[in-house]
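Novice: coords_13.cif is reproduced below (mmCIF, N, CA and C atoms).
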data_structure
#
loop_
_atom_site.label_atom_id
_atom_site.label_comp_id
_atom_site.auth_asym_id
_atom_site.auth_seq_id
_atom_site.Cartn_x
_atom_site.Cartn_y
_atom_site.Cartn_z
N MET A 995 3.05 -16.41 -6.13
CA MET A 995 4.18 -17.14 -5.61
C MET A 995 4.64 -16.48 -4.32
N ALA A 996 4.84 -17.27 -3.29
CA ALA A 996 5.29 -16.76 -2.00
C ALA A 996 6.76 -16.35 -2.08
N THR A 997 7.08 -15.26 -1.44
CA THR A 997 8.44 -14.78 -1.34
C THR A 997 8.78 -14.67 0.13
N ARG A 998 9.71 -15.46 0.56
CA ARG A 998 10.09 -15.45 1.97
C ARG A 998 11.41 -14.71 2.15
N PRO A 999 11.55 -13.97 3.24
CA PRO A 999 12.82 -13.28 3.48
C PRO A 999 13.92 -14.28 3.83
N ASP A 1000 15.13 -13.88 3.55
CA ASP A 1000 16.31 -14.66 3.93
C ASP A 1000 16.27 -14.94 5.43
N HIS A 1001 16.60 -16.15 5.82
CA HIS A 1001 16.53 -16.51 7.24
C HIS A 1001 17.53 -15.72 8.08
N GLU A 1002 18.51 -15.08 7.44
CA GLU A 1002 19.47 -14.26 8.19
C GLU A 1002 19.10 -12.78 8.17
N LEU A 1003 17.89 -12.48 7.79
CA LEU A 1003 17.41 -11.10 7.75
C LEU A 1003 16.71 -10.76 9.06
N THR A 1004 17.11 -9.65 9.63
CA THR A 1004 16.48 -9.16 10.85
C THR A 1004 15.65 -7.94 10.48
N ALA A 1005 14.42 -7.90 10.93
CA ALA A 1005 13.54 -6.77 10.63
C ALA A 1005 12.96 -6.23 11.92
N ARG A 1006 12.87 -4.90 11.97
CA ARG A 1006 12.19 -4.28 13.11
C ARG A 1006 11.58 -2.97 12.65
N VAL A 1007 10.42 -2.68 13.20
CA VAL A 1007 9.77 -1.41 12.93
C VAL A 1007 10.18 -0.48 14.06
N ARG A 1008 10.81 0.60 13.67
CA ARG A 1008 11.31 1.58 14.64
C ARG A 1008 10.16 2.42 15.20
N PRO A 1009 10.37 3.09 16.32
CA PRO A 1009 9.31 3.93 16.90
C PRO A 1009 8.80 5.01 15.95
N ASP A 1010 9.65 5.44 15.00
CA ASP A 1010 9.22 6.46 14.05
C ASP A 1010 8.43 5.89 12.88
N GLY A 1011 8.16 4.56 12.90
CA GLY A 1011 7.36 3.92 11.86
C GLY A 1011 8.16 3.39 10.69
N TYR A 1012 9.46 3.63 10.70
CA TYR A 1012 10.30 3.14 9.61
C TYR A 1012 10.74 1.72 9.88
N LEU A 1013 10.79 0.93 8.82
CA LEU A 1013 11.23 -0.45 8.89
C LEU A 1013 12.74 -0.48 8.68
N GLU A 1014 13.42 -1.21 9.54
CA GLU A 1014 14.85 -1.38 9.38
C GLU A 1014 15.13 -2.85 9.13
N LEU A 1015 15.79 -3.14 8.01
CA LEU A 1015 16.15 -4.51 7.65
C LEU A 1015 17.66 -4.62 7.69
N PHE A 1016 18.15 -5.71 8.27
CA PHE A 1016 19.58 -5.95 8.33
C PHE A 1016 19.86 -7.39 7.95
N SER A 1017 20.76 -7.57 6.99
CA SER A 1017 21.15 -8.91 6.55
C SER A 1017 22.48 -9.26 7.19
N ARG A 1018 22.47 -10.27 8.04
CA ARG A 1018 23.72 -10.73 8.65
C ARG A 1018 24.62 -11.36 7.60
N ARG A 1019 24.02 -11.92 6.56
CA ARG A 1019 24.79 -12.59 5.51
C ARG A 1019 25.60 -11.59 4.69
N THR A 1020 24.98 -10.46 4.30
CA THR A 1020 25.67 -9.48 3.45
C THR A 1020 26.22 -8.30 4.23
N GLY A 1021 25.72 -8.09 5.45
CA GLY A 1021 26.12 -6.92 6.23
C GLY A 1021 25.42 -5.65 5.80
N LYS A 1022 24.46 -5.77 4.88
CA LYS A 1022 23.75 -4.59 4.38
C LYS A 1022 22.56 -4.26 5.27
N ARG A 1023 22.33 -2.96 5.40
CA ARG A 1023 21.22 -2.45 6.19
C ARG A 1023 20.35 -1.59 5.29
N HIS A 1024 19.05 -1.74 5.40
CA HIS A 1024 18.10 -0.95 4.62
C HIS A 1024 17.09 -0.33 5.57
N ARG A 1025 16.72 0.88 5.27
CA ARG A 1025 15.69 1.57 6.05
C ARG A 1025 14.58 1.94 5.08
N CYS A 1026 13.36 1.52 5.40
CA CYS A 1026 12.20 1.76 4.54
C CYS A 1026 11.26 2.72 5.22
N GLY A 1027 10.68 3.59 4.43
CA GLY A 1027 9.69 4.53 4.94
C GLY A 1027 8.36 3.86 5.19
N PRO A 1028 7.35 4.66 5.46
CA PRO A 1028 6.02 4.11 5.77
C PRO A 1028 5.46 3.19 4.68
N ARG A 1029 5.72 3.50 3.43
CA ARG A 1029 5.21 2.66 2.34
C ARG A 1029 5.84 1.27 2.38
N GLY A 1030 7.17 1.21 2.55
CA GLY A 1030 7.86 -0.07 2.65
C GLY A 1030 7.44 -0.83 3.89
N THR A 1031 7.25 -0.12 4.98
CA THR A 1031 6.80 -0.75 6.22
C THR A 1031 5.43 -1.38 6.02
N THR A 1032 4.54 -0.66 5.36
CA THR A 1032 3.20 -1.18 5.09
C THR A 1032 3.26 -2.44 4.24
N MET A 1033 4.11 -2.43 3.21
CA MET A 1033 4.24 -3.61 2.36
C MET A 1033 4.81 -4.79 3.13
N TRP A 1034 5.83 -4.55 3.94
CA TRP A 1034 6.45 -5.63 4.74
C TRP A 1034 5.41 -6.27 5.67
N LEU A 1035 4.68 -5.44 6.38
CA LEU A 1035 3.69 -5.97 7.33
C LEU A 1035 2.58 -6.72 6.61
N ALA A 1036 2.13 -6.20 5.46
CA ALA A 1036 1.09 -6.89 4.69
C ALA A 1036 1.62 -8.23 4.16
N LEU A 1037 2.87 -8.26 3.73
CA LEU A 1037 3.47 -9.51 3.27
C LEU A 1037 3.53 -10.53 4.40
N GLN A 1038 3.92 -10.08 5.58
CA GLN A 1038 3.94 -11.00 6.73
C GLN A 1038 2.56 -11.58 7.00
N ARG A 1039 1.56 -10.70 7.04
CA ARG A 1039 0.20 -11.15 7.35
C ARG A 1039 -0.37 -12.08 6.28
N SER A 1040 0.11 -11.94 5.06
CA SER A 1040 -0.43 -12.74 3.96
C SER A 1040 0.39 -14.02 3.70
N GLY A 1041 1.30 -14.35 4.60
CA GLY A 1041 2.13 -15.53 4.38
C GLY A 1041 3.11 -15.34 3.24
N TRP A 1042 3.55 -14.09 3.04
CA TRP A 1042 4.53 -13.72 2.02
C TRP A 1042 4.00 -13.89 0.60
N GLN A 1043 2.68 -13.75 0.43
CA GLN A 1043 2.03 -13.81 -0.88
C GLN A 1043 1.84 -12.38 -1.40
N PRO A 1044 2.63 -11.93 -2.38
CA PRO A 1044 2.53 -10.55 -2.86
C PRO A 1044 1.13 -10.14 -3.33
N GLU A 1045 0.43 -11.04 -4.01
CA GLU A 1045 -0.89 -10.69 -4.52
C GLU A 1045 -1.88 -10.46 -3.37
N SER A 1046 -1.82 -11.31 -2.37
CA SER A 1046 -2.71 -11.15 -1.21
C SER A 1046 -2.36 -9.89 -0.44
N ALA A 1047 -1.07 -9.63 -0.29
CA ALA A 1047 -0.64 -8.40 0.40
C ALA A 1047 -1.13 -7.17 -0.35
N ALA A 1048 -1.02 -7.19 -1.68
CA ALA A 1048 -1.48 -6.06 -2.48
C ALA A 1048 -2.98 -5.85 -2.33
N ASP A 1049 -3.73 -6.94 -2.32
CA ASP A 1049 -5.18 -6.83 -2.14
C ASP A 1049 -5.51 -6.20 -0.79
N GLU A 1050 -4.80 -6.64 0.25
CA GLU A 1050 -5.05 -6.08 1.59
C GLU A 1050 -4.79 -4.58 1.62
N ILE A 1051 -3.65 -4.17 1.07
CA ILE A 1051 -3.30 -2.74 1.08
C ILE A 1051 -4.29 -1.94 0.24
N ALA A 1052 -4.67 -2.49 -0.91
CA ALA A 1052 -5.62 -1.78 -1.79
C ALA A 1052 -6.95 -1.55 -1.10
N VAL A 1053 -7.43 -2.54 -0.38
CA VAL A 1053 -8.70 -2.39 0.35
C VAL A 1053 -8.55 -1.31 1.42
N GLN A 1054 -7.46 -1.36 2.17
CA GLN A 1054 -7.24 -0.38 3.25
C GLN A 1054 -7.18 1.05 2.73
N LEU A 1055 -6.53 1.22 1.57
CA LEU A 1055 -6.32 2.56 1.04
C LEU A 1055 -7.34 2.97 -0.01
N GLY A 1056 -8.19 2.03 -0.43
CA GLY A 1056 -9.19 2.34 -1.44
C GLY A 1056 -8.58 2.64 -2.80
N ILE A 1057 -7.55 1.88 -3.18
CA ILE A 1057 -6.88 2.10 -4.46
C ILE A 1057 -6.88 0.81 -5.28
N ASP A 1058 -6.40 0.91 -6.50
CA ASP A 1058 -6.38 -0.21 -7.44
C ASP A 1058 -5.34 -1.26 -7.01
N PRO A 1059 -5.76 -2.50 -6.80
CA PRO A 1059 -4.83 -3.56 -6.40
C PRO A 1059 -3.71 -3.80 -7.41
N ALA A 1060 -3.98 -3.58 -8.70
CA ALA A 1060 -2.95 -3.81 -9.72
C ALA A 1060 -1.75 -2.89 -9.53
N SER A 1061 -2.01 -1.64 -9.17
CA SER A 1061 -0.89 -0.71 -8.97
C SER A 1061 -0.09 -1.08 -7.72
N VAL A 1062 -0.78 -1.56 -6.70
CA VAL A 1062 -0.08 -1.98 -5.48
C VAL A 1062 0.75 -3.23 -5.77
N ARG A 1063 0.21 -4.16 -6.55
CA ARG A 1063 0.97 -5.36 -6.92
C ARG A 1063 2.26 -4.98 -7.62
N CYS A 1064 2.17 -4.04 -8.53
CA CYS A 1064 3.34 -3.56 -9.26
C CYS A 1064 4.37 -3.00 -8.29
N ASP A 1065 3.92 -2.20 -7.34
CA ASP A 1065 4.82 -1.61 -6.35
C ASP A 1065 5.48 -2.69 -5.49
N ILE A 1066 4.70 -3.66 -5.06
CA ILE A 1066 5.25 -4.73 -4.21
C ILE A 1066 6.28 -5.55 -4.98
N HIS A 1067 5.98 -5.90 -6.21
CA HIS A 1067 6.93 -6.69 -7.00
C HIS A 1067 8.22 -5.91 -7.25
N ALA A 1068 8.11 -4.61 -7.52
CA ALA A 1068 9.30 -3.78 -7.71
C ALA A 1068 10.11 -3.69 -6.42
N TRP A 1069 9.43 -3.53 -5.29
CA TRP A 1069 10.09 -3.44 -3.98
C TRP A 1069 10.82 -4.74 -3.68
N LEU A 1070 10.17 -5.87 -3.92
CA LEU A 1070 10.80 -7.17 -3.68
C LEU A 1070 11.99 -7.38 -4.61
N ALA A 1071 11.88 -6.97 -5.87
CA ALA A 1071 12.99 -7.11 -6.82
C ALA A 1071 14.20 -6.31 -6.35
N HIS A 1072 13.96 -5.13 -5.82
CA HIS A 1072 15.05 -4.30 -5.29
C HIS A 1072 15.81 -5.07 -4.20
N PHE A 1073 15.09 -5.70 -3.31
CA PHE A 1073 15.75 -6.43 -2.21
C PHE A 1073 16.38 -7.73 -2.68
N ARG A 1074 15.81 -8.35 -3.68
CA ARG A 1074 16.45 -9.56 -4.24
C ARG A 1074 17.80 -9.19 -4.84
N GLU A 1075 17.83 -8.09 -5.59
CA GLU A 1075 19.07 -7.65 -6.21
C GLU A 1075 20.10 -7.23 -5.16
N ALA A 1076 19.64 -6.58 -4.11
CA ALA A 1076 20.55 -6.14 -3.05
C ALA A 1076 21.14 -7.31 -2.29
N GLY A 1077 20.41 -8.43 -2.25
CA GLY A 1077 20.87 -9.59 -1.50
C GLY A 1077 21.82 -10.50 -2.27
N GLU A 1078 22.04 -10.21 -3.53
CA GLU A 1078 22.91 -11.07 -4.34
C GLU A 1078 24.36 -10.78 -4.08
#
Could you spell out this file's structure in structure tokens?
Specialist:
Amino acid sequence: MATRPDHELTARVRPDGYLELFSRRTGKRHRCGPRGTTMWLALQRSGWQPESAADEIAVQLGIDPASVRCDIHAWLAHFREAGE
């Protein structure tokens, strides 16, 4: 299932490689490390399909796609809860 970011969410990758997310709707700001940045970029490239993003990351890192899927779903759940 595709998960799209809120249309009022602004995202930028900082020069230090960290992802900064800002919600104009809630006023909340989040800063993600390299792992979160990697997941965000893979989600963008995959049309916001968590399974496809996990497969991409798993191939790049040579790890089990199931563990990456679990991480992506947990990461997305965190942001869904923060946006409520």
Novice: Could you tell me how far CA of Arg1018 in chain A lies from CA of His1001 in chain A, in Å and to one decimal?
Specialist: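 Between CA of Arg1018 in chain A and CA of His1001 in chain A the gap works out to 9.3 Å.
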Novice: Would you compute the distance between CA of Cys1064 in chain A and atom N of His1024 in chain A? Give it in Å to one decimal.
Specialist: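 Separation of CA of Cys1064 in chain A and atom N of His1024 in chain A: 21.6 Å.
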Novice: I need the residues in chain A that are strand (DSSP E or B) according to DSSP; give them as a VMD selection string.
Specialist: chain A and resid 1003 to 1007 1013 to 1017 1023 to 1026
Novice: Using only C-alpha atoms, determine which residues lie at most 9 Å from Pro1028 in chain A, disregarding the query and same-chain residues fewer than 3 positions distant; provide the list as JSON, numbers by chain.
Specialist: {"A": [1011, 1012, 1013, 1031, 1032, 1033]}
Novice: I need the residues of chain A that end up classed as alpha helix (DSSP H) by DSSP on the backbone, written out as a ChimeraX atom specification.
Specialist: /A:1028-1039,1044-1055,1059-1076
Novice: How many Å lie between atom C of Glu1045 in chain A and CA of Glu1002 in chain A, rounded to one decimal?
Specialist: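 So the answer is 24.6 Å.
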Novice: Any chance you could resolve the PyMOL selection byres (((chain A and resi 1034 and name CA) around 12) and name CA) against this file and give the residues as a VMD selection string?
Specialist: chain A and resid 997 to 999 1005 to 1007 1011 to 1015 1025 to 1033 1035 to 1044 1047 to 1048 1050 to 1051 1065 to 1067 1069 to 1070 1073
Novice: Report, as AutoDock Vina command-line options, the axis-aligned box around all atoms of range 1023-1038 of chain A present in the file, extended by 6 Å on each side; give centre and edge lengths in Å to one decimal place.
Specialist:
--center_x 11.7 --center_y -3.5 --center_z 4.8 --size_x 33.2 --size_y 28.2 --size_z 17.0
Novice: Would you kindly place N, CA, C and O atoms on range 1032-1047 of chain A and return the model as a PDB file, in the coordinates of the input?
Specialist:
ATOM      1  N   THR A1032       4.540  -0.660   5.360  1.00  0.00           N
ATOM      2  CA  THR A1032       3.200  -1.180   5.090  1.00  0.00           C
ATOM      3  C   THR A1032       3.260  -2.440   4.240  1.00  0.00           C
ATOM      4  O   THR A1032       2.579  -3.430   4.524  1.00  0.00           O
ATOM      5  N   MET A1033       4.110  -2.430   3.210  1.00  0.00           N
ATOM      6  CA  MET A1033       4.240  -3.610   2.360  1.00  0.00           C
ATOM      7  C   MET A1033       4.810  -4.790   3.130  1.00  0.00           C
ATOM      8  O   MET A1033       4.323  -5.915   3.008  1.00  0.00           O
ATOM      9  N   TRP A1034       5.830  -4.550   3.940  1.00  0.00           N
ATOM     10  CA  TRP A1034       6.450  -5.630   4.740  1.00  0.00           C
ATOM     11  C   TRP A1034       5.410  -6.270   5.670  1.00  0.00           C
ATOM     12  O   TRP A1034       5.279  -7.485   5.736  1.00  0.00           O
ATOM     13  N   LEU A1035       4.680  -5.440   6.380  1.00  0.00           N
ATOM     14  CA  LEU A1035       3.690  -5.970   7.330  1.00  0.00           C
ATOM     15  C   LEU A1035       2.580  -6.720   6.610  1.00  0.00           C
ATOM     16  O   LEU A1035       2.140  -7.787   7.073  1.00  0.00           O
ATOM     17  N   ALA A1036       2.130  -6.200   5.460  1.00  0.00           N
ATOM     18  CA  ALA A1036       1.090  -6.890   4.690  1.00  0.00           C
ATOM     19  C   ALA A1036       1.620  -8.230   4.160  1.00  0.00           C
ATOM     20  O   ALA A1036       0.894  -9.227   4.153  1.00  0.00           O
ATOM     21  N   LEU A1037       2.870  -8.260   3.730  1.00  0.00           N
ATOM     22  CA  LEU A1037       3.470  -9.510   3.270  1.00  0.00           C
ATOM     23  C   LEU A1037       3.530 -10.530   4.400  1.00  0.00           C
ATOM     24  O   LEU A1037       3.213 -11.707   4.210  1.00  0.00           O
ATOM     25  N   GLN A1038       3.920 -10.080   5.580  1.00  0.00           N
ATOM     26  CA  GLN A1038       3.940 -11.000   6.730  1.00  0.00           C
ATOM     27  C   GLN A1038       2.560 -11.580   7.000  1.00  0.00           C
ATOM     28  O   GLN A1038       2.419 -12.787   7.182  1.00  0.00           O
ATOM     29  N   ARG A1039       1.560 -10.700   7.040  1.00  0.00           N
ATOM     30  CA  ARG A1039       0.200 -11.150   7.350  1.00  0.00           C
ATOM     31  C   ARG A1039      -0.370 -12.080   6.280  1.00  0.00           C
ATOM     32  O   ARG A1039      -1.220 -12.911   6.585  1.00  0.00           O
ATOM     33  N   SER A1040       0.110 -11.940   5.060  1.00  0.00           N
ATOM     34  CA  SER A1040      -0.430 -12.740   3.960  1.00  0.00           C
ATOM     35  C   SER A1040       0.390 -14.020   3.700  1.00  0.00           C
ATOM     36  O   SER A1040       0.187 -14.662   2.674  1.00  0.00           O
ATOM     37  N   GLY A1041       1.300 -14.350   4.600  1.00  0.00           N
ATOM     38  CA  GLY A1041       2.130 -15.530   4.380  1.00  0.00           C
ATOM     39  C   GLY A1041       3.110 -15.340   3.240  1.00  0.00           C
ATOM     40  O   GLY A1041       3.440 -16.285   2.533  1.00  0.00           O
ATOM     41  N   TRP A1042       3.550 -14.090   3.040  1.00  0.00           N
ATOM     42  CA  TRP A1042       4.530 -13.720   2.020  1.00  0.00           C
ATOM     43  C   TRP A1042       4.000 -13.890   0.600  1.00  0.00           C
ATOM     44  O   TRP A1042       4.751 -14.108  -0.340  1.00  0.00           O
ATOM     45  N   GLN A1043       2.680 -13.750   0.430  1.00  0.00           N
ATOM     46  CA  GLN A1043       2.030 -13.810  -0.880  1.00  0.00           C
ATOM     47  C   GLN A1043       1.840 -12.380  -1.400  1.00  0.00           C
ATOM     48  O   GLN A1043       0.974 -11.656  -0.889  1.00  0.00           O
ATOM     49  N   PRO A1044       2.630 -11.930  -2.380  1.00  0.00           N
ATOM     50  CA  PRO A1044       2.530 -10.550  -2.860  1.00  0.00           C
ATOM     51  C   PRO A1044       1.130 -10.140  -3.330  1.00  0.00           C
ATOM     52  O   PRO A1044       0.690  -9.023  -3.055  1.00  0.00           O
ATOM     53  N   GLU A1045       0.430 -11.040  -4.010  1.00  0.00           N
ATOM     54  CA  GLU A1045      -0.890 -10.690  -4.520  1.00  0.00           C
ATOM     55  C   GLU A1045      -1.880 -10.460  -3.370  1.00  0.00           C
ATOM     56  O   GLU A1045      -2.669  -9.516  -3.399  1.00  0.00           O
ATOM     57  N   SER A1046      -1.820 -11.310  -2.370  1.00  0.00           N
ATOM     58  CA  SER A1046      -2.710 -11.150  -1.210  1.00  0.00           C
ATOM     59  C   SER A1046      -2.360  -9.890  -0.440  1.00  0.00           C
ATOM     60  O   SER A1046      -3.250  -9.165   0.032  1.00  0.00           O
ATOM     61  N   ALA A1047      -1.070  -9.630  -0.290  1.00  0.00           N
ATOM     62  CA  ALA A1047      -0.640  -8.400   0.400  1.00  0.00           C
ATOM     63  C   ALA A1047      -1.130  -7.170  -0.350  1.00  0.00           C
ATOM     64  O   ALA A1047      -1.620  -6.210   0.257  1.00  0.00           O
TER      65      ALA A1047
END
